[in-house]
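Step one of this worksheet: look at the structure below.
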Amino acid sequence: MAKKVELIEEDQQLENRVYELGFHFVSTIVEDEVAVQFSHLKSLIEKRGGQFIAEEMPKFKNLAYPISKTVKADRKNYLTSYFGWVKFEINPEEIVPLEKEIKAFGPMLRFLLIKTVKENTFLGAVAEIKADSSSKIVKIADEPVEDITTEDDATEVPAEDAVADVVSSDDAVSEIVDTEKVADIATE
Amino acid sequence: MTKHCYFSQNNIKHVDYKDTELLKKFLNPHARLLSRKKTGVSAKSQRKLALAVKRARFMAILPFIAQ
């Protein structure tokens, strides 16, 4: 019986789960400092055995409504922040202590830690070109995130391919026309 | 009149709270979520959409109320 329990526990330890951490850093930190703080935040996840799947560097953003942060007796309202996110795989047992650490993290204004899937869920601008062809969206959505560093790349890749296709087909057409001309001249 | 679910048509399985442009399509000028009656979104997708909108509101990506 005891052995069975141990086995179950081992299985649970092996099973990692995908999480996504979205966060706002306070806008009072210097822009150069943002990358440093971001790497500090990532090191917290890494220490607990987290493996990164995708991420986006914090970017300066206007908030939809003011968020207040109280540090000791000092309360401040923020209308801007640096918003970024990181998707990672981690043991579910580590998530509660990790959440506490993130909460205590210095420049953190607000964060959201959610369960998610490994695939890229952020369509971004891709959703806008859905009218052109829905099949492209499917491809991007089903692609593993590891191949896509940022969603900008994801949107660019199909566009470049399309341009390349057009160019190559144009060339082919012109070649055909040329050969026909040559053939015509030859017959004359 | 036939109803078309935006999400099943575009094969969107997961609704991301960061996707503001997508979420805004399903909000009225007061930033309230539109009903399924108006959008034709399937029940399953509507639940996902509502969760994403609520997450986006918490993260101040979308407003709770807009004038």
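Labels for the structure tokens follow display order: chains A, B, ..., residues from 1 in each chain, ligands from 1.
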
> Residues at most 12 Å from Gln67 (chain B), counting only C-alpha atoms, excluding those fewer than 5 positions away in the same chain, as a list of chain:residue names?
Replying inline: A:Ala64, B:Asn28, B:Pro29, B:His30, B:Ala31, B:Arg32

Residues at most 9 Å from Ser8 (chain B), counting only C-alpha atoms, excluding those fewer than 5 positions away in the same chain, as an mmCIF file with N, CA and C atoms, in the first residue's frame?
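Contents of around-v6.cif, freshly written:
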```
data_model
loop_
_atom_site.group_PDB
_atom_site.id
_atom_site.type_symbol
_atom_site.label_atom_id
_atom_site.label_comp_id
_atom_site.auth_asym_id
_atom_site.auth_seq_id
_atom_site.Cartn_x
_atom_site.Cartn_y
_atom_site.Cartn_z
ATOM 1 N N LYS B 13 -9.175 27.671 -31.038
ATOM 2 C CA LYS B 13 -9.515 26.755 -29.947
ATOM 3 C C LYS B 13 -9.352 27.411 -28.585
ATOM 4 N N VAL B 41 -21.962 33.506 -31.382
ATOM 5 C CA VAL B 41 -20.866 32.665 -30.889
ATOM 6 C C VAL B 41 -21.464 31.438 -30.184
ATOM 7 N N SER B 42 -20.827 30.293 -30.356
ATOM 8 C CA SER B 42 -21.322 29.065 -29.726
ATOM 9 C C SER B 42 -21.171 29.160 -28.205
ATOM 10 N N SER B 45 -17.642 28.540 -26.901
ATOM 11 C CA SER B 45 -16.712 29.626 -27.172
ATOM 12 C C SER B 45 -17.051 30.868 -26.360
#
```

> Neighbours of Thr39 (chain B) within 8 Å (only C-alpha atoms; same-chain residues fewer than 5 positions away dropped), as a PyMOL selection string?
Replying inline: chain B and resi 5+26+34

>> Would you mind listing, as a ChimeraX atom specification, all residues of chain B that have at least one atom within 12 Å of chain A, where only C-alpha atoms are what counts?
In response: /B:6-23,25,31,51-52,54-67

>> Between CA of Asn91 (chain A) and CA of Pro58 (chain A), what distance in Å does the model show, to one decimal?
In response: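 Those two atoms sit 24.9 Å apart.
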
>> Just list as a list of chain:residue names whatever in region 20-65 of chain B DSSP marks as alpha helix (DSSP H).
In response: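 Of region 20-65 of chain B, the ones in alpha helix (DSSP H) are B:Thr20, B:Glu21, B:Leu22, B:Leu23, B:Lys24, B:Arg36, B:Lys37, B:Lys38, B:Thr39, B:Ala43, B:Lys44, B:Ser45, B:Gln46, B:Arg47, B:Lys48, B:Leu49, B:Ala50, B:Leu51, B:Ala52, B:Val53, B:Lys54, B:Arg55, B:Ala56, B:Arg57, B:Phe58.
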
Prev. selection, C-alpha atoms, output as a CSV table (one decimal), in the first residue's frame:
```
chain,number,residue,atom,x,y,z
B,20,THR,CA,-7.4,42.9,-27.3
B,21,GLU,CA,-8.3,43.4,-31.0
B,22,LEU,CA,-10.1,40.1,-31.0
B,23,LEU,CA,-11.9,40.6,-27.7
B,24,LYS,CA,-13.0,44.2,-28.7
B,36,ARG,CA,-24.6,35.3,-28.0
B,37,LYS,CA,-27.9,36.4,-29.6
B,38,LYS,CA,-26.0,39.3,-31.2
B,39,THR,CA,-22.7,37.6,-32.0
B,43,ALA,CA,-22.0,28.4,-26.0
B,44,LYS,CA,-18.6,26.8,-25.6
B,45,SER,CA,-16.7,29.6,-27.2
B,46,GLN,CA,-18.8,32.2,-25.4
B,47,ARG,CA,-17.7,30.8,-22.0
B,48,LYS,CA,-14.0,31.0,-23.1
B,49,LEU,CA,-14.5,34.5,-24.4
B,50,ALA,CA,-16.1,35.6,-21.2
B,51,LEU,CA,-13.2,34.3,-19.2
B,52,ALA,CA,-10.7,36.0,-21.5
B,53,VAL,CA,-12.5,39.3,-21.2
B,54,LYS,CA,-12.6,39.0,-17.4
B,55,ARG,CA,-8.9,38.3,-17.3
B,56,ALA,CA,-8.2,41.2,-19.6
B,57,ARG,CA,-10.2,43.5,-17.4
B,58,PHE,CA,-8.3,42.4,-14.3
```
